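Q: The structure file target-v8.cif (mmCIF, C-alpha atoms and all ligand atoms) is provided below.
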data_entry
#
loop_
_atom_site.label_atom_id
_atom_site.label_comp_id
_atom_site.auth_asym_id
_atom_site.auth_seq_id
_atom_site.Cartn_x
_atom_site.Cartn_y
_atom_site.Cartn_z
CA MET A 1 19.63 44.65 -38.34
CA THR A 2 16.58 44.28 -36.05
CA LYS A 3 16.13 41.28 -33.81
CA LYS A 4 13.04 39.08 -34.19
CA GLU A 5 10.44 39.10 -31.41
CA ALA A 6 11.38 36.41 -28.89
CA GLN A 7 9.05 33.74 -27.51
CA ILE A 8 8.37 34.69 -23.90
CA SER A 9 6.55 32.48 -21.41
CA GLY A 10 7.96 33.35 -17.98
CA VAL A 11 7.15 36.41 -15.89
CA ALA A 12 10.82 36.83 -14.99
CA THR A 13 11.65 37.26 -18.66
CA ARG A 14 8.66 39.54 -19.25
CA ALA A 15 9.76 41.75 -16.36
CA ILE A 16 13.01 42.31 -18.21
CA HIS A 17 11.98 42.22 -21.88
CA SER A 18 8.67 44.10 -21.87
CA ALA A 19 7.33 44.98 -25.30
CA TYR A 20 6.44 48.50 -24.11
CA THR A 21 8.70 51.39 -25.05
CA ALA A 22 7.86 55.03 -24.32
CA PRO A 23 6.70 57.07 -27.32
CA ASP A 24 9.15 59.35 -29.10
CA GLY A 25 8.89 63.09 -29.10
CA PHE A 26 9.14 64.04 -25.42
CA GLY A 27 10.43 67.60 -25.17
CA ALA A 28 11.66 69.34 -21.99
CA PHE A 29 14.59 71.48 -20.89
CA PRO A 30 16.35 69.07 -18.51
CA VAL A 31 18.86 66.66 -19.98
CA ALA A 32 17.72 63.09 -19.32
CA ILE A 33 19.68 61.07 -16.77
CA HIS A 34 20.99 58.17 -18.83
CA HIS A 35 22.36 55.52 -16.49
CA ALA A 36 24.27 52.70 -18.14
CA SER A 37 27.02 50.21 -17.69
CA THR A 38 26.04 48.11 -20.74
CA VAL A 39 25.40 50.10 -23.89
CA LEU A 40 23.50 48.20 -26.60
CA PHE A 41 24.62 47.62 -30.17
CA ASP A 42 22.22 46.68 -32.95
CA SER A 43 24.58 44.03 -34.28
CA VAL A 44 28.02 42.56 -33.88
CA ALA A 45 29.15 44.64 -36.83
CA ALA A 46 27.93 47.83 -35.10
CA MET A 47 29.78 46.80 -31.91
CA ARG A 48 32.99 46.19 -33.89
CA SER A 49 32.73 49.48 -35.80
CA ARG A 50 32.52 51.75 -32.77
CA SER A 51 35.50 53.22 -30.92
CA TRP A 52 35.21 54.19 -27.27
CA GLN A 53 37.34 57.27 -28.04
CA ASP A 54 34.86 58.63 -30.57
CA LYS A 55 32.31 60.67 -28.66
CA SER A 56 29.85 60.71 -31.56
CA SER A 57 28.68 57.25 -30.41
CA TYR A 58 28.41 55.15 -27.27
CA THR A 59 30.26 51.98 -26.28
CA TYR A 60 30.21 51.48 -22.53
CA GLY A 61 28.91 53.47 -19.58
CA LEU A 62 32.41 54.11 -18.25
CA HIS A 63 33.17 56.17 -21.36
CA GLY A 64 30.00 58.23 -21.09
CA THR A 65 26.29 58.46 -21.83
CA PRO A 66 24.30 61.34 -23.43
CA THR A 67 24.10 62.94 -19.95
CA SER A 68 27.86 63.11 -19.35
CA PHE A 69 28.64 64.00 -22.98
CA THR A 70 26.29 67.00 -22.60
CA LEU A 71 28.04 68.24 -19.46
CA GLU A 72 31.47 67.72 -21.05
CA ALA A 73 30.43 69.76 -24.10
CA ARG A 74 29.02 72.60 -21.99
CA LEU A 75 32.09 72.82 -19.77
CA ALA A 76 34.36 72.90 -22.83
CA GLU A 77 32.26 75.74 -24.25
CA ILE A 78 32.43 77.74 -21.00
CA GLU A 79 36.24 77.60 -21.09
CA GLN A 80 36.32 78.05 -24.89
CA GLY A 81 38.01 74.68 -25.25
CA ASP A 82 37.22 71.77 -27.55
CA HIS A 83 37.49 68.64 -25.39
CA CYS A 84 36.49 67.73 -21.85
CA LEU A 85 36.72 64.65 -19.65
CA LEU A 86 34.75 64.21 -16.43
CA VAL A 87 36.37 62.55 -13.43
CA PRO A 88 35.13 61.64 -9.94
CA SER A 89 36.68 64.65 -8.12
CA GLY A 90 38.85 67.71 -8.63
CA LEU A 91 41.76 65.77 -7.21
CA ALA A 92 41.13 62.97 -9.74
CA ALA A 93 41.45 65.64 -12.47
CA ILE A 94 44.88 66.59 -11.10
CA THR A 95 45.85 62.89 -10.90
CA LEU A 96 44.66 62.27 -14.45
CA ILE A 97 46.77 65.12 -15.85
CA ASN A 98 49.89 63.97 -13.99
CA LEU A 99 49.55 60.30 -14.94
CA ALA A 100 48.67 61.07 -18.56
CA LEU A 101 51.57 63.46 -19.14
CA LEU A 102 54.40 62.26 -16.86
CA LYS A 103 56.49 59.11 -16.77
CA SER A 104 59.51 57.95 -14.76
CA GLY A 105 62.46 60.27 -15.32
CA ASP A 106 60.30 63.30 -16.17
CA ASP A 107 60.32 66.55 -14.23
CA VAL A 108 57.28 68.60 -13.17
CA LEU A 109 57.28 72.17 -11.79
CA ILE A 110 54.62 73.06 -9.24
CA PRO A 111 53.88 76.40 -7.54
CA ASP A 112 54.74 76.45 -3.84
CA ASN A 113 51.20 77.69 -3.03
CA VAL A 114 49.49 74.86 -4.94
CA TYR A 115 46.33 73.11 -3.67
CA ASN A 116 47.89 70.92 -1.02
CA PRO A 117 46.78 67.46 -2.26
CA ASN A 118 48.41 68.34 -5.62
CA ARG A 119 51.70 68.83 -3.71
CA ASP A 120 51.19 65.57 -1.81
CA LEU A 121 50.50 63.67 -5.05
CA ALA A 122 53.66 65.13 -6.62
CA ASN A 123 55.74 64.03 -3.63
CA TRP A 124 54.22 60.55 -3.85
CA LEU A 125 55.03 60.37 -7.57
CA SER A 126 58.60 61.41 -6.85
CA GLN A 127 59.05 58.94 -4.00
CA ASN A 128 57.48 55.91 -5.72
CA TYR A 129 57.51 56.54 -9.46
CA ALA A 130 60.81 58.35 -10.14
CA VAL A 131 59.16 61.58 -11.30
CA SER A 132 61.09 64.67 -10.21
CA ALA A 133 58.79 67.29 -8.65
CA ARG A 134 60.13 70.78 -7.89
CA PHE A 135 58.26 73.65 -6.26
CA TYR A 136 58.62 77.23 -7.50
CA ASP A 137 57.72 80.68 -6.17
CA PRO A 138 54.18 81.36 -7.52
CA LEU A 139 55.21 84.95 -8.40
CA ILE A 140 58.19 83.77 -10.48
CA GLY A 141 56.72 84.90 -13.84
CA ALA A 142 59.11 84.75 -16.82
CA ASP A 143 61.98 83.64 -14.55
CA ILE A 144 60.48 80.15 -14.63
CA ALA A 145 62.66 79.79 -17.78
CA GLY A 146 65.67 79.34 -15.48
CA LEU A 147 64.07 76.27 -13.83
CA ILE A 148 63.15 74.39 -17.00
CA GLN A 149 65.34 71.33 -17.59
CA GLU A 150 65.74 68.94 -20.52
CA ASN A 151 63.39 66.48 -18.77
CA THR A 152 60.75 69.04 -17.70
CA ARG A 153 57.45 68.00 -19.27
CA LEU A 154 54.79 69.85 -17.31
CA ILE A 155 54.38 73.10 -15.38
CA TRP A 156 51.44 73.37 -13.00
CA THR A 157 49.84 76.75 -12.28
CA GLU A 158 46.98 77.79 -10.05
CA ALA A 159 45.31 81.17 -10.49
CA PRO A 160 45.37 82.26 -7.75
CA GLY A 161 46.57 79.79 -5.08
CA SER A 162 43.40 78.99 -3.17
CA VAL A 163 44.74 79.64 0.36
CA SER A 164 47.40 82.37 0.11
CA MET A 165 45.94 83.94 -3.08
CA GLU A 166 49.09 85.01 -4.98
CA VAL A 167 48.08 85.71 -8.59
CA PRO A 168 50.64 84.25 -11.01
CA ASP A 169 51.67 85.71 -14.37
CA ILE A 170 50.22 82.91 -16.48
CA PRO A 171 51.02 84.44 -19.92
CA ALA A 172 54.70 84.84 -18.91
CA ILE A 173 54.91 81.27 -17.56
CA CYS A 174 53.22 79.89 -20.69
CA ALA A 175 55.57 81.79 -23.01
CA ALA A 176 58.65 80.46 -21.19
CA ALA A 177 57.23 76.92 -21.12
CA HIS A 178 56.26 76.86 -24.80
CA ALA A 179 59.68 78.17 -25.85
CA ARG A 180 61.02 74.87 -24.46
CA GLY A 181 58.15 72.62 -25.60
CA VAL A 182 56.78 72.21 -22.06
CA LEU A 183 53.02 71.94 -21.38
CA VAL A 184 51.22 74.18 -18.87
CA ALA A 185 48.32 72.89 -16.75
CA LEU A 186 46.10 75.28 -14.78
CA ASP A 187 43.91 74.66 -11.76
CA ASN A 188 41.22 77.20 -12.77
CA THR A 189 38.79 76.34 -9.96
CA TRP A 190 38.93 79.73 -8.22
CA SER A 191 37.52 81.58 -11.23
CA ALA A 192 35.12 78.79 -12.27
CA GLY A 193 36.11 79.25 -15.91
CA ILE A 194 34.21 82.55 -15.83
CA ALA A 195 36.73 85.17 -14.71
CA PHE A 196 39.90 83.92 -16.42
CA PRO A 197 40.02 82.95 -20.13
CA ALA A 198 42.91 80.53 -19.65
CA PHE A 199 43.34 79.28 -23.23
CA GLU A 200 43.62 82.90 -24.45
CA HIS A 201 46.47 83.34 -21.97
CA GLY A 202 48.33 80.31 -23.31
CA VAL A 203 47.37 77.46 -20.95
CA ASP A 204 47.33 73.98 -22.55
CA ILE A 205 45.25 72.03 -20.03
CA ILE A 206 42.60 73.37 -17.63
CA MET A 207 41.25 71.46 -14.67
CA GLN A 208 38.19 72.39 -12.67
CA ALA A 209 36.94 71.07 -9.34
CA LEU A 210 33.25 71.04 -10.31
CA THR A 211 32.71 70.30 -6.63
CA LYS A 212 32.88 74.08 -6.11
CA TYR A 213 30.87 76.62 -8.14
CA GLN A 214 29.66 74.35 -10.95
CA SER A 215 27.89 72.09 -8.47
CA GLY A 216 27.03 75.02 -6.21
CA GLY A 217 25.12 72.73 -3.84
CA SER A 218 27.86 71.41 -1.51
CA ASP A 219 26.59 67.95 -2.48
CA VAL A 220 28.66 66.71 -5.45
CA LEU A 221 32.28 65.68 -5.92
CA MET A 222 33.42 65.91 -9.54
CA GLY A 223 36.23 67.23 -11.69
CA ALA A 224 36.85 68.11 -15.33
CA VAL A 225 39.90 68.33 -17.60
CA ILE A 226 39.51 70.63 -20.61
CA THR A 227 41.79 71.04 -23.62
CA LYS A 228 41.91 72.52 -27.12
CA ASP A 229 44.61 70.27 -28.56
CA LYS A 230 43.37 66.92 -29.85
CA ALA A 231 46.69 65.11 -29.30
CA ILE A 232 46.82 66.16 -25.63
CA HIS A 233 43.16 65.20 -25.23
CA THR A 234 43.91 61.74 -26.64
CA ARG A 235 46.72 61.21 -24.10
CA LEU A 236 44.32 62.26 -21.32
CA GLN A 237 41.57 60.05 -22.72
CA LEU A 238 43.83 56.97 -22.72
CA ALA A 239 44.82 57.58 -19.08
CA HIS A 240 41.15 58.19 -18.22
CA MET A 241 40.21 54.80 -19.68
CA ARG A 242 43.12 53.00 -18.02
CA LEU A 243 42.33 54.47 -14.63
CA GLY A 244 38.60 53.80 -14.96
CA PHE A 245 37.64 57.32 -13.87
CA GLY A 246 33.87 57.05 -14.50
CA VAL A 247 31.31 59.43 -12.94
CA GLY A 248 27.76 58.82 -11.70
CA MET A 249 25.02 60.22 -13.92
CA ASP A 250 22.87 61.45 -11.01
CA ASP A 251 25.81 63.63 -9.98
CA VAL A 252 26.32 64.78 -13.57
CA TYR A 253 22.65 65.78 -13.63
CA LEU A 254 23.05 67.84 -10.45
CA VAL A 255 25.89 69.81 -12.04
CA LEU A 256 23.90 70.27 -15.29
CA ARG A 257 20.96 71.54 -13.22
CA ASN A 258 23.02 74.27 -11.57
CA LEU A 259 25.10 75.29 -14.58
CA PRO A 260 22.62 77.88 -15.95
CA SER A 261 23.00 79.95 -12.77
CA LEU A 262 26.80 79.56 -12.58
CA LYS A 263 27.63 83.06 -13.81
CA LEU A 264 24.95 84.78 -11.71
CA ARG A 265 26.02 82.91 -8.57
CA PHE A 266 29.69 83.63 -9.23
CA GLU A 267 28.94 87.34 -9.61
CA ALA A 268 26.86 87.38 -6.42
CA HIS A 269 29.68 85.65 -4.48
CA ASP A 270 32.09 88.17 -6.00
CA ARG A 271 30.07 91.27 -4.98
CA SER A 272 29.56 90.07 -1.41
CA ALA A 273 33.17 88.91 -0.99
CA ARG A 274 34.49 92.31 -2.08
CA GLU A 275 32.17 94.02 0.39
CA VAL A 276 33.28 91.78 3.28
CA ALA A 277 36.96 91.99 2.23
CA ALA A 278 36.83 95.80 2.05
CA TRP A 279 35.30 95.89 5.55
CA LEU A 280 38.00 93.56 6.89
CA ALA A 281 40.72 95.73 5.32
CA GLN A 282 39.65 98.59 7.64
CA ARG A 283 39.83 96.50 10.79
CA PRO A 284 42.78 96.92 13.20
CA GLU A 285 42.78 93.16 13.99
CA ILE A 286 43.63 92.35 10.35
CA SER A 287 47.06 93.16 8.94
CA THR A 288 46.51 92.05 5.32
CA VAL A 289 43.51 91.09 3.21
CA LEU A 290 44.64 88.56 0.60
CA HIS A 291 41.92 89.22 -1.97
CA PRO A 292 43.17 89.47 -5.58
CA ALA A 293 41.00 92.55 -6.24
CA LEU A 294 42.62 94.44 -3.31
CA PRO A 295 46.05 96.10 -3.64
CA ASP A 296 47.66 94.21 -0.71
CA CYS A 297 47.31 90.86 -2.49
CA PRO A 298 50.54 89.69 -4.17
CA GLY A 299 49.87 89.70 -7.92
CA HIS A 300 46.99 92.21 -7.69
CA GLU A 301 48.31 94.06 -10.79
CA ILE A 302 48.24 90.79 -12.75
CA TRP A 303 44.71 90.11 -11.58
CA LYS A 304 43.69 93.56 -12.90
CA ARG A 305 45.37 92.84 -16.24
CA ASP A 306 44.15 89.26 -16.83
CA PHE A 307 40.96 88.61 -14.82
CA SER A 308 37.37 89.85 -15.13
CA GLY A 309 36.08 88.83 -11.67
CA ALA A 310 36.94 87.26 -8.35
CA GLY A 311 34.28 84.97 -6.84
CA GLY A 312 33.80 84.33 -3.14
CA LEU A 313 37.12 82.98 -1.83
CA PHE A 314 39.79 85.06 -0.08
CA SER A 315 42.01 85.02 3.02
CA VAL A 316 43.22 87.43 5.68
CA LEU A 317 46.30 87.62 7.87
CA PHE A 318 45.57 88.56 11.46
CA ASP A 319 47.82 91.07 13.14
CA GLU A 320 50.84 89.33 14.69
CA ARG A 321 49.72 90.17 18.21
CA TYR A 322 46.90 87.61 18.00
CA THR A 323 47.80 84.05 18.99
CA GLU A 324 46.49 80.91 17.31
CA GLN A 325 44.35 80.33 20.36
CA GLN A 326 42.71 83.70 19.76
CA THR A 327 42.18 83.26 16.02
CA ASP A 328 40.77 79.77 16.68
CA ARG A 329 38.38 81.44 19.12
CA PHE A 330 37.43 83.87 16.33
CA VAL A 331 36.56 81.04 13.93
CA ASP A 332 34.74 79.07 16.65
CA SER A 333 32.71 82.18 17.56
CA LEU A 334 31.31 82.71 14.07
CA ASN A 335 27.67 81.68 13.77
CA LEU A 336 26.74 82.12 10.10
CA PHE A 337 30.16 81.02 8.85
CA LYS A 338 30.54 77.26 9.29
CA ILE A 339 33.82 75.39 9.70
CA GLY A 340 34.55 73.03 6.82
CA PHE A 341 36.57 72.33 3.68
CA SER A 342 35.55 73.17 0.13
CA TRP A 343 33.71 76.26 -1.14
CA GLY A 344 31.50 77.52 -3.97
CA GLY A 345 28.20 76.61 -2.28
CA ALA A 346 25.50 78.89 -0.89
CA HIS A 347 26.84 78.73 2.68
CA SER A 348 29.67 80.85 4.00
CA LEU A 349 32.66 78.96 5.44
CA CYS A 350 35.75 79.91 7.41
CA LEU A 351 38.95 77.96 8.14
CA PRO A 352 42.30 78.76 9.76
CA TYR A 353 45.44 77.42 8.06
CA ARG A 354 48.87 76.61 9.49
CA ILE A 355 50.31 77.87 6.25
CA GLU A 356 54.00 77.69 7.20
CA GLN A 357 53.58 73.89 7.39
CA MET A 358 52.18 73.79 3.85
CA ARG A 359 54.93 75.75 2.13
CA ASP A 360 58.65 75.54 1.35
CA ARG A 361 58.82 79.33 1.66
CA TRP A 362 56.44 81.51 3.63
CA GLN A 363 57.56 84.89 4.90
CA ALA A 364 54.40 86.71 5.98
CA ARG A 365 53.65 86.89 9.70
CA GLY A 366 50.31 86.54 11.45
CA ILE A 367 47.77 83.72 11.31
CA LEU A 368 46.00 83.07 8.01
CA VAL A 369 42.24 82.57 7.99
CA ARG A 370 40.33 81.82 4.79
CA PHE A 371 36.76 82.89 4.05
CA ASN A 372 34.34 81.46 1.51
CA ILE A 373 31.64 84.08 1.12
CA GLY A 374 28.34 82.37 0.36
CA LEU A 375 25.07 83.82 -0.86
CA GLU A 376 23.83 85.28 2.45
CA GLU A 377 23.34 89.05 2.90
CA PRO A 378 26.82 90.62 3.25
CA ALA A 379 25.61 92.86 6.11
CA ASP A 380 24.70 89.76 8.13
CA LEU A 381 28.11 88.20 7.42
CA ILE A 382 29.90 91.39 8.46
CA ALA A 383 27.89 91.57 11.71
CA ASP A 384 28.82 87.94 12.40
CA ILE A 385 32.53 88.66 11.85
CA GLU A 386 32.33 91.77 14.03
CA GLN A 387 30.92 89.88 17.02
CA ALA A 388 33.46 87.06 16.56
CA LEU A 389 36.33 89.59 16.58
CA ALA A 390 35.00 90.87 19.90
CA GLU A 391 34.84 87.29 21.26
CA MET A 392 38.41 86.66 20.06
CA LYS A 393 39.75 89.44 22.25
CA LYS A 394 38.26 87.76 25.34
CA ALA A 395 40.61 84.78 24.78
CA ALA A 396 44.05 84.96 26.39
C1 LIG A 401 38.62 71.62 -4.05
C2 LIG A 401 39.76 71.86 -4.93
C3 LIG A 401 40.33 70.82 -5.66
C4 LIG A 401 39.89 69.38 -5.52
O1 LIG A 401 38.53 69.15 -5.72
P1 LIG A 401 37.83 67.88 -5.01
O2 LIG A 401 36.64 67.68 -5.85
O3 LIG A 401 37.55 68.29 -3.60
O4 LIG A 401 38.80 66.74 -5.09
C5 LIG A 401 41.38 71.13 -6.51
N1 LIG A 401 41.84 72.38 -6.61
C6 LIG A 401 41.32 73.41 -5.92
C7 LIG A 401 41.89 74.77 -6.08
C8 LIG A 401 40.27 73.17 -5.05
O5 LIG A 401 39.77 74.18 -4.34
#
Here is the file; what I need is its structure written in the form of C-alpha cells.

A:
Amino acid sequence: MTKKEAQISGVATRAIHSAYTAPDGFGAFPVAIHHASTVLFDSVAAMRSRSWQDKSSYTYGLHGTPTSFTLEARLAEIEQGDHCLLVPSGLAAITLINLALLKSGDDVLIPDNVYNPNRDLANWLSQNYAVSARFYDPLIGADIAGLIQENTRLIWTEAPGSVSMEVPDIPAICAAAHARGVLVALDNTWSAGIAFPAFEHGVDIIMQALTKYQSGGSDVLMGAVITKDKAIHTRLQLAHMRLGFGVGMDDVYLVLRNLPSLKLRFEAHDRSAREVAAWLAQRPEISTVLHPALPDCPGHEIWKRDFSGAGGLFSVLFDERYTEQQTDRFVDSLNLFKIGFSWGGAHSLCLPYRIEQMRDRWQARGILVRFNIGLEEPADLIADIEQALAEMKKAA
C-alpha cells in the first residue's frame, strides 16, 4: 500500500518530507552505512507481519540494519558458522553468552587463565545471582569430565589464554562436555577466527573481541557471538534483545572496511611475532618465551595439532633475578612499543602483568611481560627491545 502525497505548506515539514529521493542503481564496493532507530513499514499489516528475530527483514534499529546484517553474515562465514550477533564490546559478548545460557542454580566452569574480566563477571554472577562459577586448570583436557556436575550448563574455554598463553585441548574438553549435554563457549579472539577452526573442533559458541584484529585500527570497541545451532542462537538472540545490546553503524562500517585485509594483517603479525619471539628465546634475561608456536609454551603440541597460525600476541617470563622494578624499567624504556591495553592494531604494545594476583594457581617464577607485535619492521622492534634490556640492567 503506498501513501498518498501529503499537502505541504510549511518549510519545517518540507525539510523533513522532501519529495526528492536518490536514483536507484548506485554500485560501489563499500557497504552503505544505514543508520536507523525507526525502521519504516509500508502498512500496519507489514508492521504486524514482521518478526524482529527474522533477519530477512527489518523492524527496529536495535535489531540491525543492512550494514550490521552484512558484518554479522561475514563474521559467521569466516568462522564457518551460521548465525552471528554483534554487541558493543568483546566483554559484552562474554556477558551475553553467560546471561543467555545460565540461570540461578546453574554451574559454569572457567579456565584459570581466562581473560580477567570474564573471571570478574563470573564472580559477580556467583555473588549476586546464585550461579556457581568454578575455575579449572587450562591444561586439564579430558579430565574436565571429573568436574562436570548435574547442574553444569556451560564450560568456557580460551585458546590460548591471552596473558599466560597455555593452549587448551579443545576437542577433548568438547567431547567430555557433550557426553554430559554441556555447552562449550570459546573466546577465539587470539586467532581472529583465522588460525583455529573452532566449530570443527566441537565448540558450540564462539565469541570474538572485534576490537582486536577485525577492527585493526585501535579505534573500535565491538564483539560478536557466532553459532551453528539455531536453538542456541535463539536463546542468545532473546538475551541480546532483552539487554538492548545495539551497536553503532559507523563502528560497524569501520570493521567492514578492515575485514578484507584481516588475513593478510594476521599473517604479518604472526611472521613478525615469531621473529621477535625467537630472538627473545636466545636472550639470557628471558627464562621462558610463552608463544604457542615455541616448544616452551604449555600446550605447544596441541597448538601444532589444532592451529594453523599464531598472530601477534605472546608473553615472556623474565629470569628470576630481575625485580619488578627492573622489568618496569624495561617496559618504560621501550620507545616503539607503547604501554596500553588491547592488541590487534598496527602499533606494538607491551605490558607487565602481576599474574599471581590474577590466578588461583600460578607456579612459574619470574615476571611476566606481554608483547603485542604490530606491523612495524621486526628488526626495529628487536633493536628497541635490545636497548630497553640494557636500560633495565641499570636499574637496581
Ligand atoms: C580484549 C579481549 C576481550 C574483550 O574485548 P573488549 O572489546 O575490550 O571488551 C575479550 N577476550 C579477550 C581474549 C580479549 O583480548

Q: At a cut-off of 9 Å and counting all atoms listed in the file, what residues surround ligand LIG 401 (chain A)? Please answer as a PyMOL selection string.

A: chain A and resi 88-94+114-118+158-163+187-190+207-212+220-223+341-344

Q: Which residue, A:Ala46, A:Ala177, A:Ala142, A:Met249, has the smallest gap to Thr59 of chain A when you use only C-alpha atoms?

A: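 Using only C-alpha atoms, the shortest distance to Thr59 of chain A belongs to A:Ala46.
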
Q: In Å, with one decimal, what is the gap from atom CA of Ala310 of chain A to atom CA of Ser333 of chain A?

A: 26.7 Å

Q: With all atoms listed in the file as the basis for distance, which of A:Ala15, A:Ala192, A:Ala390, A:Leu254 is at the shortest distance from Phe307 of chain A?

A: A:Ala192

Q: Figure out the distance between atom CA of Asp380 of chain A and atom CA of Gly216 of chain A, please, to one decimal in Å.

A: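 Straight-line distance from atom CA of Gly216 of chain A to atom CA of Asp380 of chain A works out to 20.7 Å.
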
Q: Closest to His300 of chain A among A:Val225, A:Leu125, A:Leu139, A:Leu336, using all atoms listed in the file?

A: A:Leu139

Q: Which residues are near Ala179 of chain A? Cut-off 12 Å, all atoms listed in the file, ignore same chain within fewer than 4 positions. Put them as a PyMOL selection string.

A: chain A and resi 142+144-145+148+172-175+183-184+202

Q: Kindly give the distance, in Å, that separates atom CA of Ile373 of chain A and atom CA of Ala273 of chain A, rounded to a single decimal.

A: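 A separation of 5.5 Å between them.
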
Q: What are the closest atom pairs, with distances in Å to one decimal, for each residue of segment 177-284 of chain A lying within 9 Å of segment 69-87 of chain A, using all atoms listed in the file, rows by chain and rising residue number, as a tab-separated table?

A:
residue	atom	partner	partner_atom	distance
A:Ala192	CA	A:Glu79	CA	9.0
A:Gly193	CA	A:Glu79	CA	5.4
A:Ile194	CA	A:Ile78	CA	7.3
A:Phe196	CA	A:Glu79	CA	8.7
A:Pro197	CA	A:Glu79	CA	6.6
A:Ala198	CA	A:Glu79	CA	7.4
A:Phe199	CA	A:Gln80	CA	7.3
A:Glu200	CA	A:Gln80	CA	8.8
A:Ile206	CA	A:Glu79	CA	8.4
A:Met222	CA	A:Val87	CA	5.9
A:Gly223	CA	A:Val87	CA	5.0
A:Ala224	CA	A:Leu86	CA	4.6
A:Val225	CA	A:Leu85	CA	5.3
A:Ile226	CA	A:Cys84	CA	4.4
A:Thr227	CA	A:His83	CA	5.2
A:Lys228	CA	A:Asp82	CA	4.8
A:Asp229	CA	A:Asp82	CA	7.6
A:Lys230	CA	A:His83	CA	7.6
A:His233	CA	A:His83	CA	6.6
A:Leu236	CA	A:Leu85	CA	8.1
A:Gln237	CA	A:Leu85	CA	7.4
A:His240	CA	A:Leu85	CA	8.0
A:Phe245	CA	A:Val87	CA	5.4
A:Gly246	CA	A:Val87	CA	6.1
A:Val247	CA	A:Val87	CA	6.0
A:Val252	CA	A:Leu71	CA	7.0
A:Tyr253	CA	A:Leu71	CA	8.3
A:Val255	CA	A:Leu71	CA	7.9
A:Leu256	CA	A:Leu71	CA	6.2
A:Leu259	CA	A:Arg74	CA	8.8

Q: Print the selection's residues with C-alpha atoms to a file, as a compact mmCIF listing (two decimals), keeping the file's coordinate frame.

A:
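Result saved to out-v7.txt:
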# COMPACT_ATOMS: atom_id res chain seq x y z
CA ALA A 192 35.12 78.79 -12.27
CA GLY A 193 36.11 79.25 -15.91
CA ILE A 194 34.21 82.55 -15.83
CA PHE A 196 39.90 83.92 -16.42
CA PRO A 197 40.02 82.95 -20.13
CA ALA A 198 42.91 80.53 -19.65
CA PHE A 199 43.34 79.28 -23.23
CA GLU A 200 43.62 82.90 -24.45
CA ILE A 206 42.60 73.37 -17.63
CA MET A 222 33.42 65.91 -9.54
CA GLY A 223 36.23 67.23 -11.69
CA ALA A 224 36.85 68.11 -15.33
CA VAL A 225 39.90 68.33 -17.60
CA ILE A 226 39.51 70.63 -20.61
CA THR A 227 41.79 71.04 -23.62
CA LYS A 228 41.91 72.52 -27.12
CA ASP A 229 44.61 70.27 -28.56
CA LYS A 230 43.37 66.92 -29.85
CA HIS A 233 43.16 65.20 -25.23
CA LEU A 236 44.32 62.26 -21.32
CA GLN A 237 41.57 60.05 -22.72
CA HIS A 240 41.15 58.19 -18.22
CA PHE A 245 37.64 57.32 -13.87
CA GLY A 246 33.87 57.05 -14.50
CA VAL A 247 31.31 59.43 -12.94
CA VAL A 252 26.32 64.78 -13.57
CA TYR A 253 22.65 65.78 -13.63
CA VAL A 255 25.89 69.81 -12.04
CA LEU A 256 23.90 70.27 -15.29
CA LEU A 259 25.10 75.29 -14.58

Q: As a list in words, please: the residues near Leu389 of chain A (cut-off 9 Å, all atoms listed in the file, same-chain neighbours under 3 positions excluded).

A: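 Once the nearby chain positions are removed, what remains is Glu285, Thr327, Arg329, Phe330, Val331, Ser333, Leu334, Asp384, Ile385, Glu386, Met392 and Lys393 of chain A.
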
Q: Any chance you could export the current selection's C-alpha atoms as a short mmCIF file (atom, residue, chain, number, x, y, z; two decimals), in the coordinates of the input?

A:
data_model
loop_
_atom_site.label_atom_id
_atom_site.label_comp_id
_atom_site.auth_asym_id
_atom_site.auth_seq_id
_atom_site.Cartn_x
_atom_site.Cartn_y
_atom_site.Cartn_z
CA GLU A 285 42.78 93.16 13.99
CA THR A 327 42.18 83.26 16.02
CA ARG A 329 38.38 81.44 19.12
CA PHE A 330 37.43 83.87 16.33
CA VAL A 331 36.56 81.04 13.93
CA SER A 333 32.71 82.18 17.56
CA LEU A 334 31.31 82.71 14.07
CA ASP A 384 28.82 87.94 12.40
CA ILE A 385 32.53 88.66 11.85
CA GLU A 386 32.33 91.77 14.03
CA MET A 392 38.41 86.66 20.06
CA LYS A 393 39.75 89.44 22.25
#

Q: Which residue gives the smallest distance to Ser68 of chain A among A:Ala19, A:Ala277, A:Ala32, A:Val167, with all atoms listed in the file counted?

A: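 The answer is A:Ala32, which sits nearest to Ser68 of chain A.
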
Q: When distances are computed from all atoms listed in the file, which of A:Ser272, A:Thr323, A:Thr234, A:Gln387 shows the smallest separation from Ile97 of chain A?

A: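 That would be A:Thr234, the residue with the smallest distance to Ile97 of chain A.
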
Q: Taking all atoms of segment 183-199 of chain A that appear in the file, build a box with edges along x, y and z, extend it by 3 Å on every side, and state its centre and edge lengths in Å to one decimal, as JSON.

A:
{"center_x": 43.6, "center_y": 78.6, "center_z": -15.7, "size_x": 24.8, "size_y": 19.2, "size_z": 21.0}

Q: Give me the residues near Leu351 of chain A as a list in words, where near means some atom within 6 Å (using only C-alpha atoms) and where sequence neighbours in that chain fewer than 2 positions away do not count.

A: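 Returned residues: Ile339, Val369 and Arg370 of chain A.
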
Q: Need to verify the contact set: Ser104 of chain A, 10 Å, all atoms listed in the file, exclusion of same-chain residues closer than 2 positions in sequence. Can you return it as a list in words?

A: Leu102, Asp106, Asp107, Leu125, Ser126, Asn128, Tyr129, Ala130, Val131 and Ser132 of chain A

Q: Counting all atoms listed in the file, which of A:Arg354, A:Gly105, A:Ser218, A:Val316 gets nearest to Gly340 of chain A?

A: A:Ser218

Q: List as a list in words the protein and nucleic acid residues near segment 302-305 of chain A, meaning an atom at most 10 Å away when only C-alpha atoms are counted, but skip any in the same chain fewer than 4 places from it.

A: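 Within the cut-off, the hits are Ala159, Pro160, Glu166, Val167, Pro168, Asp169, Ile170, Pro171, Ala195, Phe196, Pro292, Ala293, Leu294, Pro295, Cys297, Pro298, Gly309 and Ala310 of chain A.
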